[in-house]
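Working notes, structure below.
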There are 2 protein chains.
Amino acid sequence: MVNGQWQMDNESMNRIVHVNVPQHPYDVVIDVGLLGRAGEVLRTVHGRGGRAVVITDSNVGPLYAEALAASLAKADYACSILTFPAGEASKTLATYGSLMEQLLASTPPIDRRTVIVALGGGVTGDLAGFVAATALRGLSFINIPTTLLADVDSSVGGKTGVDSAAGKNLIGAFHQPRAVLIDPAMLATLPVEQVRNGLAECVKHAVIRDAELLEMISRQAEAILAKDAAVLAELIARNVAIKAGVVAADEREASIRADLNFGHTVGHALEAAGGFGALGHGQAVALGMIAANTIAVGRRLLSRADSETVESVLRKLGLPVRLADLPHLPAQAAEPARLLDLMTRDKKARAGRARFVLATHLGRAAIYDDVTEQEIRAALAAIGAR
Amino acid sequence: MVNGQWQMDNESMNRIVHVNVPQHPYDVVIDVGLLGRAGEVLRTVHGRGGRAVVITDSNVGPLYAEALAASLAKADYACSILTFPAGEASKTLATYGSLMEQLLASTPPIDRRTVIVALGGGVTGDLAGFVAATALRGLSFINIPTTLLADVDSSVGGKTGVDSAAGKNLIGAFHQPRAVLIDPAMLATLPVEQVRNGLAECVKHAVIRDAELLEMISRQAEAILAKDAAVLAELIARNVAIKAGVVAADEREASIRADLNFGHTVGHALEAAGGFGALGHGQAVALGMIAANTIAVGRRLLSRADSETVESVLRKLGLPVRLADLPHLPAQAAEPARLLDLMTRDKKARAGRARFVLATHLGRAAIYDDVTEQEIRAALAAIGAR
């Protein structure tokens, strides 16, 4: 598939991205109003009727679970709903265990034909996907993401799981969904800071794979931030197609999937140094991209003009490009020595060396293991770390 | 592979059974004294050095963990040992979570090259396998079973997981080991009742796949019960080869893998009716095989003489063939109405009908969904349920 391309289903007018992972290929379906047709879509991928168990959180459930349940019931699914407290703090083995025992104790009992439906952001998809991966050694899983970040990032790729006391996402399984259903109309209720978390990943996709997407984001920034559903549908479809292309080529993250870590080497360090929650994931990634581009410009991989284009798009979207753009950030999140230490201890580091994805051109990227401490310090200085 | 066949590796003199599951084929290596060469074998399948984490229980650990650790250290593995309380009561999400957090918190930190080594019976293999399946979304797993039941049954097939409050084995994942190492010398410390648990499964394999194996068991019953290591090595290799053949043909239990449920329809009901622990798994399966053969003889699928051969082999092995052989069995474990009810509620039942695997000949079996209540009652009467 050409990066950033999706197909229109002529009958339903849905945008469809085919995720061609080995053994378990599936479709991501994107359309305004799709939530009300979820039962219909489920019937085409899973067959008529049976049991569906919706897993959602205490924020999203009250907004959308009823509409989903009605659509599933119309398609002859016996539907029940399990709700957990919203927030990253729920992404634990304890919540997983509680959801699992509720699922297994439900009446009538679930069986191997039961389908698990996630309705929520990344935490919900990761938790519900892990429950689906491990209940009766594997149930069918449908993901209905409700945040832009989940739409364009975590809902595609098959990663499921929970956090450990020792670190984020250390426990889990690869379990591909049978389908992902994205209804951009649901973003209407999403706080704009959370929209920005997704937009940082969209810019990332554009920089590593699709320069034309960067132009589209720049051109449509206002409509995107105003949550114009049609524009969002186009944006999401293009980003899902990029992510799907990368994932299909490298399901288990052996090599090119690592390109998706663009902006994340410094980004993760900023999040960890500030204490998770001190800055948004999108804010951290935006700053991380600026830092990575500083290194790329220093190596003459990327032109200064291209780097400035990325910076201006991030500014238009209301994302930070300097630490000073985040006046409430705790001082320790900006200490170069601390950030350097965190980068070399990251699970994706090799033999104590930070790994950087660098843009070699707008729309292209490669992995570098040889970035020096001096280069990293210069990049941190460029975003204002001192 | 021909059922019941294994190969001799000429250099090492190990018996080797190749388990040809798609994507993740692996070898089961069987040899007297193999525990002392575990590091060597691990190096050939996993590469030189790295980290190995042994998961064992409070019974087996004190007997064999030190020898295993020494062998791993000799092969340049940095080895640590995690121990949990022995017994089926440990097969829970709580124990899984505790082992997982200990694993993830260990120093130096584990990485994707870390290998998990199970040392113990079926509970240990299932727990450690599930930890391996879900730590960092999947680590390499080596299984070193230490009971005859685990040797010939649970160690081959890739099923991992834990029990739920709602039932046994409801939580878990398919995760194939990289290798299974069986040292029959370790059975020297296994109580004979537990040897019998494994022998019931050996008889099962013989009845559904290999009449000649039934003769071998009959001929060698005394040496087997005396735990003659050479005879056990041959017995284990033949049984692993049968199980491997079935599993390779049907990894996810869609059809023929169900043949392995021979004796288990009535067996599971007996275990559930008595309360788990009231009778051994092997005892339950032995009685279940007699019940199934009664149905098969009634349908003229199996000759009375063949049925009597099976019964006489079970007797030779000290396994029960009538409920009266178990004088301490609680009365409720023998109530036909209760047993019937449990059989139709089993997760392998379909639409309220018990499924029976019936021998159609010694060495052949098929699945029957049309067994009537009358036939089941007659079979229960034959083992003395009233």
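Naming works like this for the structure tokens: A, B, ... for the chains as they're shown, residue 1 at the start of each chain, ligands 1 onward in shown order.
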
Compile the residues of chain B that lie within 10 Å of chain A, evaluated using only C-alpha atoms, and express the compilation as a tab-separated table (two decimals) with N, CA and C atoms, in the first residue's frame.
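Contents of the output file out-v5.tsv:
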chain	number	residue	atom	x	y	z
B	93	LEU	N	-4.32	-15.76	39.14
B	93	LEU	CA	-3.81	-14.47	38.69
B	93	LEU	C	-2.94	-13.83	39.76
B	94	ALA	N	-3.24	-14.09	41.05
B	94	ALA	CA	-2.46	-13.49	42.12
B	94	ALA	C	-1.00	-13.98	42.07
B	96	TYR	N	0.47	-15.37	39.46
B	96	TYR	CA	0.99	-14.86	38.18
B	96	TYR	C	1.48	-13.42	38.34
B	97	GLY	N	0.67	-12.57	38.97
B	97	GLY	CA	1.02	-11.17	39.14
B	97	GLY	C	2.26	-11.01	40.00
B	100	MET	N	5.27	-12.13	38.00
B	100	MET	CA	5.53	-11.13	36.96
B	100	MET	C	6.23	-9.90	37.53
B	101	GLU	N	5.72	-9.39	38.65
B	101	GLU	CA	6.33	-8.18	39.23
B	101	GLU	C	7.74	-8.47	39.73
B	102	GLN	N	7.96	-9.66	40.31
B	102	GLN	CA	9.33	-10.03	40.74
B	102	GLN	C	10.25	-10.09	39.53
B	103	LEU	N	9.75	-10.68	38.45
B	103	LEU	CA	10.55	-10.80	37.23
B	103	LEU	C	10.93	-9.42	36.69
B	104	LEU	N	9.93	-8.52	36.62
B	104	LEU	CA	10.16	-7.21	36.02
B	104	LEU	C	11.00	-6.30	36.92
B	105	ALA	N	11.00	-6.59	38.23
B	105	ALA	CA	11.76	-5.75	39.16
B	105	ALA	C	13.18	-6.28	39.37
B	106	SER	N	13.51	-7.42	38.75
B	106	SER	CA	14.80	-8.04	39.06
B	106	SER	C	15.96	-7.22	38.48
B	109	PRO	N	17.91	-5.52	34.93
B	109	PRO	CA	16.58	-5.67	34.36
B	109	PRO	C	16.55	-6.70	33.23
B	110	ILE	N	15.43	-7.42	33.11
B	110	ILE	CA	15.30	-8.37	32.01
B	110	ILE	C	15.15	-7.60	30.70
B	111	ASP	N	15.44	-8.25	29.59
B	111	ASP	CA	15.17	-7.65	28.29
B	111	ASP	C	14.56	-8.70	27.36
B	112	ARG	N	14.39	-8.35	26.09
B	112	ARG	CA	13.67	-9.24	25.19
B	112	ARG	C	14.41	-10.54	24.90
B	130	PHE	N	2.72	-18.74	31.03
B	130	PHE	CA	1.88	-17.54	30.90
B	130	PHE	C	2.68	-16.28	31.22
B	131	VAL	N	3.56	-16.37	32.20
B	131	VAL	CA	4.46	-15.24	32.48
B	131	VAL	C	5.33	-14.97	31.24
B	132	ALA	N	5.88	-16.02	30.65
B	132	ALA	CA	6.72	-15.85	29.46
B	132	ALA	C	5.91	-15.27	28.30
B	133	ALA	N	4.67	-15.71	28.16
B	133	ALA	CA	3.83	-15.23	27.05
B	133	ALA	C	3.54	-13.74	27.15
B	134	THR	N	3.56	-13.20	28.35
B	134	THR	CA	3.05	-11.84	28.56
B	134	THR	C	4.05	-10.86	29.16
B	135	ALA	N	5.25	-11.30	29.51
B	135	ALA	CA	6.28	-10.36	29.97
B	135	ALA	C	6.91	-9.72	28.74
B	136	LEU	N	6.97	-8.40	28.69
B	136	LEU	CA	7.48	-7.67	27.51
B	136	LEU	C	6.80	-8.17	26.24
B	137	ARG	N	5.54	-8.56	26.34
B	137	ARG	CA	4.73	-9.10	25.23
B	137	ARG	C	5.30	-10.35	24.60
B	138	GLY	N	6.02	-11.15	25.41
B	138	GLY	CA	6.45	-12.44	24.89
B	138	GLY	C	7.95	-12.69	24.98
B	159	LYS	N	-0.29	-24.70	25.61
B	159	LYS	CA	-1.32	-24.08	26.46
B	159	LYS	C	-0.66	-23.56	27.74
B	160	THR	N	-0.89	-22.29	28.04
B	160	THR	CA	-0.37	-21.72	29.28
B	160	THR	C	-1.52	-20.99	29.95
B	161	GLY	N	-1.42	-20.76	31.26
B	161	GLY	CA	-2.47	-19.97	31.90
B	161	GLY	C	-2.73	-20.35	33.34
B	162	VAL	N	-3.78	-19.74	33.87
B	162	VAL	CA	-4.13	-19.94	35.27
B	162	VAL	C	-5.63	-20.20	35.39
B	164	SER	N	-9.44	-19.44	37.03
B	164	SER	CA	-10.24	-18.29	37.44
B	164	SER	C	-11.17	-18.74	38.56
B	165	ALA	N	-11.74	-17.78	39.28
B	165	ALA	CA	-12.76	-18.14	40.26
B	165	ALA	C	-13.90	-18.87	39.57
B	166	ALA	N	-14.10	-18.61	38.27
B	166	ALA	CA	-15.21	-19.22	37.53
B	166	ALA	C	-14.89	-20.60	36.97
B	167	GLY	N	-13.63	-21.03	37.03
B	167	GLY	CA	-13.31	-22.35	36.49
B	167	GLY	C	-11.84	-22.51	36.19
B	169	ASN	N	-8.38	-23.12	34.15
B	169	ASN	CA	-7.75	-22.83	32.85
B	169	ASN	C	-8.52	-21.86	31.98
B	170	LEU	N	-9.27	-20.95	32.57
B	170	LEU	CA	-10.06	-20.02	31.76
B	170	LEU	C	-9.26	-18.79	31.32
B	171	ILE	N	-8.11	-18.57	31.95
B	171	ILE	CA	-7.28	-17.40	31.63
B	171	ILE	C	-5.93	-17.89	31.12
B	172	GLY	N	-5.50	-17.39	29.97
B	172	GLY	CA	-4.20	-17.84	29.49
B	172	GLY	C	-3.96	-17.51	28.04
B	173	ALA	N	-2.92	-18.10	27.50
B	173	ALA	CA	-2.53	-17.81	26.11
B	173	ALA	C	-1.89	-19.05	25.52
B	174	PHE	N	-1.90	-19.15	24.20
B	174	PHE	CA	-1.08	-20.15	23.53
B	174	PHE	C	0.32	-19.56	23.39
B	175	HIS	N	1.30	-20.25	23.90
B	175	HIS	CA	2.69	-19.78	23.78
B	175	HIS	C	3.58	-21.02	23.73
B	252	ARG	N	-4.92	-25.31	17.60
B	252	ARG	CA	-5.88	-24.56	18.39
B	252	ARG	C	-7.12	-25.35	18.79
B	347	LYS	N	-17.34	-26.80	29.40
B	347	LYS	CA	-17.09	-25.83	28.31
B	347	LYS	C	-16.91	-26.51	26.96
B	348	LYS	N	-16.61	-27.80	26.96
B	348	LYS	CA	-16.48	-28.49	25.68
B	348	LYS	C	-17.79	-29.10	25.20

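When only C-alpha atoms are used to compute distances to Val28 (chain A), the closest of the residues A:Pro145, A:Gly267, A:Gly49, A:Gly121 turns out to be A:Pro145.
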
Please report, as an MDAnalysis selection string, each residue of region 292-372 of chain B to which DSSP assigns alpha helix (DSSP H) when run on this structure's backbone. chainID B and resid 292:298 304:316 336:345

Near-Val123 (chain A) list (9 Å; only C-alpha atoms; drop same-chain fewer than 2 positions) as a PyMOL selection string: chain A and resi 57+86-88+90-91+120-121+125-128+150+161-162

Find the residues near Pro85 (chain A): any atom within 9 Å, counting only C-alpha atoms, skip ones fewer than 3 places away on the same chain, and give them as an NGL selection string. :A and (56-59 or 89-90 or 95)

Please list as a ChimeraX atom specification every residue within 12 Å of region 303-311 of chain B, counting only C-alpha atoms and excluding residues in the same chain fewer than 5 positions away. /B:200,202-208,211,213-215,217-218,286-298,316-322,358-364,383

7 Å contact set for Ile81 (chain B), only C-alpha atoms, chain neighbours under 3 positions out, as a PyMOL selection string: chain B and resi 53-55

Find the spatial neighbours of Gly39 (chain B), counting only C-alpha atoms, within a cut-off of 6 Å - ignore same-chain residues fewer than 2 positions away - and output them as a list in words. Arg37, Val41, Leu42, Ser71, Leu72 and Ala75 of chain B
